[in-house]
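Chemist: Sharing a structure with you now.
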Amino acid sequence: MKKGFVLLLGILIMFPWHVKAVSLAENAKSAIMIEASTGEIIFEKNSHEKLAPASMTKMMSMLLIVEAIDRGDLKWNQMITVSENASSMGGSQILLETGEKMSVQDLFKGIAVASGNDAVVALSEAVAGTEDEFVKQMNERAKELGLNDTNFKNPHGLDTANHYSSAYDMAMIAKELVSHEKVLEFTSIYEDYLRENQENKVWLVNTNKLVRFYDGVDGLKTGYTKEAGYCLTSTAKRGDTRFITVVMGEPDTKTRNNETTSMLDYGFSQYIAEKVLSKDSVVGTVRVEKGKKEAVKLVPMYDVTVLNKKVGKKKNADYEVKMKQLTAPVTKGEQVGELILKVEGEKERKIPLTVNQTIEKANLLEVYLNHIKSMLGGNLEV
């Protein structure tokens, strides 16, 4: 079950002989820019240096929270009772009170927009029972993602001994986080209210001003402490191209924002992510044992892109499919295999595959009739 595709050669155009070298993130202690769908690094500077990440820490917290919601362990409309531990958090807050009840959705908004330390602790306790257990899960998830420059000591990012990460690791966490499109609905909010019709309402204004002032930015997380300096993980999308940038240890917010926008300007001017397979692209058909239908079509779980320079030769690519035997019931959205993408000059990428429809388990009569049809050489029913 192998199939290939080749991207067409791009049109070669004349380019000036003398091109000024691009200088990016000159004031940052460390920085990186990647393309989100491929993970390809466009630019990096001291990207594995271990530094205090400040509130960019909350990206890992948000990732664990949204994954808990995806598993069904938590619901967006679920009411959370705020503990004394959560309400006592210093730094940026949404002014939670001990014993107050607030929905998961509003608490998550408080994290994504206003960087609420009290909100992230309240949700960390809801996910893991205690803040300490949640931090343990944060570090375990970092290891699962293959991150070697990170050690979390809290879910919020306030300066603590031995709490560190790197621009590279922050970018990889962000890459995982933006795959949950629901998150971007919150991080793209510029201003909103909590408890809007109550006396203790709170006005939220996004700490990431680029959400309002840079075309395509819809996240992701700012950070500042005395030790960390000014930090920002940003993401912007135009067409099928999404970039993630990280700057750490900037001297002030103006420099932080200017150097981030310069990185994004460079990325969008020079590169384009070209879609080679969509979520609806059929990459194979497989038999389903004991199913109401005998076979089902395989599709990627998300769009598959290849990053190319806007000028010059396009990369060649092909793929192969690897999967397990399927037995009904099989549910649309569950992973049933992998597409191994091989792109010229890159490491192999593994894209999870699912089925294009749910196949329920057949009753005995249906199993028998399918068996007879198979013996008579009938085509697989999909």
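Numbering starts fresh at 1 for the residues of each chain in the structure tokens, the chains themselves are lettered A, B, ... in the order given, and ligands are numbered from 1 as they appear.
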Could you find all residues in segment 221-381 of chain A that DSSP calls helix (DSSP H, G or I) from the backbone, and write them as a PyMOL selection string?
Modeler: chain A and resi 253-270+364-375
Chemist: If you count only C-alpha atoms, which residues fall within 12 Å of segment 129-144 of chain A, apart from same-chain ones fewer than 4 positions away, as a PDB file with C-alpha atoms, in the first residue's frame?
Modeler:
```pdb
ATOM      1  CA  THR A  57       5.410  27.887  31.189  1.00  0.00           C
ATOM      2  CA  LYS A  58       1.632  28.100  30.953  1.00  0.00           C
ATOM      3  CA  MET A  59       1.743  26.683  27.402  1.00  0.00           C
ATOM      4  CA  MET A  60       2.534  23.271  28.865  1.00  0.00           C
ATOM      5  CA  SER A  61      -0.181  23.777  31.478  1.00  0.00           C
ATOM      6  CA  MET A  62      -2.704  24.659  28.772  1.00  0.00           C
ATOM      7  CA  LEU A  63      -1.623  21.612  26.769  1.00  0.00           C
ATOM      8  CA  LEU A  64      -2.292  19.250  29.688  1.00  0.00           C
ATOM      9  CA  ILE A  65      -5.620  20.942  30.399  1.00  0.00           C
ATOM     10  CA  GLU A  67      -5.689  17.094  26.566  1.00  0.00           C
ATOM     11  CA  ALA A  68      -7.657  16.299  29.726  1.00  0.00           C
ATOM     12  CA  ASP A  73     -11.676  13.949  32.149  1.00  0.00           C
ATOM     13  CA  ILE A  80     -14.389  24.391  39.427  1.00  0.00           C
ATOM     14  CA  SER A  83      -8.921  26.457  46.484  1.00  0.00           C
ATOM     15  CA  ASN A  85      -3.848  27.628  47.271  1.00  0.00           C
ATOM     16  CA  ALA A  86      -5.070  28.867  43.891  1.00  0.00           C
ATOM     17  CA  MET A  89      -1.127  33.071  43.842  1.00  0.00           C
ATOM     18  CA  ASN A 117      -1.566  32.466  37.873  1.00  0.00           C
ATOM     19  CA  ASP A 118      -4.562  31.800  40.109  1.00  0.00           C
ATOM     20  CA  ALA A 119      -6.533  30.413  37.148  1.00  0.00           C
ATOM     21  CA  VAL A 120      -3.794  28.023  36.038  1.00  0.00           C
ATOM     22  CA  VAL A 121      -3.366  26.643  39.562  1.00  0.00           C
ATOM     23  CA  ALA A 122      -7.129  26.150  39.910  1.00  0.00           C
ATOM     24  CA  LEU A 123      -7.215  24.129  36.683  1.00  0.00           C
ATOM     25  CA  SER A 124      -4.027  22.223  37.475  1.00  0.00           C
ATOM     26  CA  GLU A 125      -5.667  21.014  40.704  1.00  0.00           C
ATOM     27  CA  ASN A 148      15.778  17.762  26.976  1.00  0.00           C
ATOM     28  CA  ASP A 149      16.198  21.392  28.057  1.00  0.00           C
ATOM     29  CA  THR A 150      13.179  21.670  30.348  1.00  0.00           C
ATOM     30  CA  ASN A 151      12.453  21.217  34.032  1.00  0.00           C
ATOM     31  CA  PHE A 152       9.232  22.588  35.483  1.00  0.00           C
ATOM     32  CA  LYS A 153       8.776  23.370  39.174  1.00  0.00           C
ATOM     33  CA  ASN A 154       5.359  25.056  38.935  1.00  0.00           C
ATOM     34  CA  PRO A 155       2.509  25.481  36.418  1.00  0.00           C
ATOM     35  CA  HIS A 156       2.663  29.290  36.173  1.00  0.00           C
ATOM     36  CA  GLY A 157       6.286  30.327  35.628  1.00  0.00           C
ATOM     37  CA  HIS A 163      12.686  25.977  36.804  1.00  0.00           C
ATOM     38  CA  TYR A 164      13.938  26.345  33.243  1.00  0.00           C
ATOM     39  CA  SER A 165      13.353  25.660  29.569  1.00  0.00           C
ATOM     40  CA  SER A 166      14.751  26.705  26.182  1.00  0.00           C
ATOM     41  CA  ASP A 169      11.537  23.335  23.845  1.00  0.00           C
ATOM     42  CA  MET A 170       9.034  26.196  24.090  1.00  0.00           C
ATOM     43  CA  ALA A 171       8.579  26.063  20.305  1.00  0.00           C
ATOM     44  CA  MET A 172       7.959  22.306  20.395  1.00  0.00           C
ATOM     45  CA  ILE A 173       5.378  22.708  23.177  1.00  0.00           C
ATOM     46  CA  ALA A 174       3.729  25.479  21.162  1.00  0.00           C
ATOM     47  CA  GLU A 176       1.785  20.612  20.018  1.00  0.00           C
TER      48      GLU A 176
END
```
Chemist: Run DSSP on the backbone and tell me which residues of segment 168-352 of chain A come out as strand (DSSP E or B); list them as a ChimeraX atom specification.
Modeler: /A:191-194,202-205,217-225,229-238,241-250,271-277,284-289,291,295-300,304-309,316-323,326-327,330,337-343,349-352
Chemist: Using only C-alpha atoms, tabulate the residues of segment 236-336 of chain A lying at most 7 Å from any atom of segment 28-33 of chain A, each with its closest atom pair and that distance in Å to one decimal, by chain and increasing residue number, as CSV.
Modeler:
```
residue,atom,partner,partner_atom,distance
A:Phe243,CA,A:Met33,CA,6.9
A:Ile244,CA,A:Met33,CA,5.6
A:Thr245,CA,A:Met33,CA,4.3
A:Val246,CA,A:Ala31,CA,5.3
A:Val247,CA,A:Ala31,CA,4.4
A:Met248,CA,A:Ser30,CA,5.4
A:Gly249,CA,A:Lys29,CA,5.1
A:Glu250,CA,A:Ala28,CA,4.7
```
Chemist: I want to know what sits within 10 Å of Thr225 of chain A, based on only C-alpha atoms, with residues of the same chain fewer than 4 positions away left out; could you give that as number ranges by chain?
Modeler: A: 52-55, 91, 157-159, 229-231, 249
Chemist: Keeping only all heavy atoms, write the selected residues to a file as a CSV table (one decimal), in the first residue's frame.
Modeler:
```
chain,number,residue,atom,x,y,z
A,52,ALA,N,15.1,30.9,32.3
A,52,ALA,CA,13.8,31.0,32.9
A,52,ALA,C,12.7,31.3,31.9
A,52,ALA,O,12.9,32.3,31.1
A,52,ALA,CB,13.8,32.0,34.0
A,53,PRO,N,11.6,30.6,31.8
A,53,PRO,CA,10.6,30.8,30.7
A,53,PRO,C,9.5,31.7,31.1
A,53,PRO,O,8.6,32.0,30.3
A,53,PRO,CB,10.1,29.4,30.4
A,53,PRO,CG,10.2,28.7,31.7
A,53,PRO,CD,11.4,29.3,32.4
A,54,ALA,N,9.5,32.1,32.4
A,54,ALA,CA,8.4,32.9,32.9
A,54,ALA,C,7.0,32.3,32.6
A,54,ALA,O,6.9,31.1,32.6
A,54,ALA,CB,8.5,34.4,32.4
A,55,SER,N,6.0,33.1,32.2
A,55,SER,CA,4.7,32.6,32.0
A,55,SER,C,4.5,31.8,30.7
A,55,SER,O,3.4,31.3,30.5
A,55,SER,CB,3.7,33.8,32.0
A,55,SER,OG,3.4,34.2,33.3
A,91,GLY,N,1.6,37.6,41.5
A,91,GLY,CA,1.8,37.9,40.0
A,91,GLY,C,0.5,38.2,39.3
A,91,GLY,O,-0.5,38.7,39.9
A,157,GLY,N,5.1,29.7,36.2
A,157,GLY,CA,6.3,30.3,35.6
A,157,GLY,C,6.9,31.4,36.5
A,157,GLY,O,7.9,32.0,36.1
A,158,LEU,N,6.4,31.6,37.7
A,158,LEU,CA,7.1,32.5,38.6
A,158,LEU,C,8.5,32.0,38.9
A,158,LEU,O,8.7,30.8,39.0
A,158,LEU,CB,6.3,32.7,39.9
A,158,LEU,CG,4.9,33.4,39.8
A,158,LEU,CD1,4.2,33.4,41.1
A,158,LEU,CD2,5.1,34.8,39.4
A,159,ASP,N,9.4,32.9,39.1
A,159,ASP,CA,10.8,32.5,39.3
A,159,ASP,C,10.9,31.5,40.5
A,159,ASP,O,10.5,31.8,41.6
A,159,ASP,CB,11.7,33.7,39.5
A,159,ASP,CG,11.9,34.5,38.3
A,159,ASP,OD1,11.7,34.0,37.2
A,159,ASP,OD2,12.2,35.7,38.4
A,229,GLY,N,13.4,38.1,32.1
A,229,GLY,CA,13.3,39.2,31.2
A,229,GLY,C,12.0,39.1,30.4
A,229,GLY,O,11.1,38.4,30.9
A,230,TYR,N,11.9,39.8,29.3
A,230,TYR,CA,10.7,39.8,28.5
A,230,TYR,C,10.7,38.7,27.5
A,230,TYR,O,11.7,38.6,26.7
A,230,TYR,CB,10.5,41.1,27.8
A,230,TYR,CG,10.2,42.2,28.8
A,230,TYR,CD1,11.3,42.9,29.5
A,230,TYR,CD2,8.9,42.5,29.2
A,230,TYR,CE1,11.0,43.9,30.4
A,230,TYR,CE2,8.6,43.5,30.1
A,230,TYR,CZ,9.7,44.2,30.7
A,230,TYR,OH,9.4,45.2,31.7
A,231,CYS,N,9.7,37.8,27.5
A,231,CYS,CA,9.7,36.6,26.6
A,231,CYS,C,8.4,36.6,25.9
A,231,CYS,O,7.4,37.2,26.3
A,231,CYS,CB,9.8,35.3,27.5
A,231,CYS,SG,11.2,35.3,28.6
A,249,GLY,N,14.5,36.5,27.1
A,249,GLY,CA,15.5,37.4,27.7
A,249,GLY,C,15.6,38.7,26.9
A,249,GLY,O,16.7,39.3,26.9
```
Chemist: So, with only C-alpha atoms as the atoms that count, which of A:Gln78, A:Asn258, A:Thr354, A:Gln93 lies closest to Leu210 of chain A?
Modeler: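 Ranking A:Gln78, A:Asn258, A:Thr354, A:Gln93 by distance to Leu210 of chain A, first place goes to A:Asn258.
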Chemist: Under the rule that only C-alpha atoms are counted, which of A:Thr187, A:Ser92, A:Thr253, A:Thr305 is the nearest residue to Ser278 of chain A?
Modeler: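 Among A:Thr187, A:Ser92, A:Thr253, A:Thr305, it is A:Thr305 that comes nearest to Ser278 of chain A.
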Chemist: Pick from A:Leu220, A:Leu339, A:Val286, A:Val113: nearest to Asp192 of chain A, with only C-alpha atoms counted?
Modeler: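 For Asp192 of chain A, the nearest of the given residues is A:Val113.
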Chemist: Would you please work out which residue, of A:Val330, A:Ala114, A:Val343, A:Leu95, is nearest to Ala362 of chain A when using only C-alpha atoms?
Modeler: A:Val330
Chemist: For Glu334 of chain A, which residue out of A:Lys237, A:Arg212, A:Arg71, A:Lys322 is the nearest one, using only C-alpha atoms?
Modeler: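 Result for the nearest residue to Glu334 of chain A: A:Arg71.
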Chemist: Taking 5 positions as the minimum chain separation for residues in the same chain, which residues sit within 10 Å of Leu184 of chain A when counting only C-alpha atoms? Answer as a ChimeraX atom specification.
Modeler: /A:112,177-179,189,217-220,235
Chemist: Which is closer to Met263 of chain A than all the others in A:Met102, A:Val311, A:Ala236, A:Val82, using only C-alpha atoms?
Modeler: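 Answer, going by the shortest atom-to-atom distance: A:Ala236.
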Chemist: In Å, with one decimal, what is the gap from atom CA of Lys313 of chain A to atom CA of Leu341 of chain A?
Modeler: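 We find that atom CA of Lys313 of chain A and atom CA of Leu341 of chain A lie 18.9 Å from each other.
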Chemist: Atom CA of Thr241 of chain A and atom CA of Ala317 of chain A are how many Å apart?
Modeler: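 Computing the Euclidean distance for atom CA of Thr241 of chain A and atom CA of Ala317 of chain A yields 17.9 Å.
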Chemist: Tell me which protein, DNA and RNA residues are within 10 Å of Ile359 of chain A, counting only C-alpha atoms, leaving out same-chain ones fewer than 3 positions away, and put them as a ChimeraX atom specification.
Modeler: /A:288,290-296,327-332,355-356,362,382
Chemist: Find the distance between atom CA of Tyr224 of chain A and atom CA of Trp203 of chain A and write it in Å to one decimal.
Modeler: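 Between atom CA of Tyr224 of chain A and atom CA of Trp203 of chain A the gap works out to 20.3 Å.
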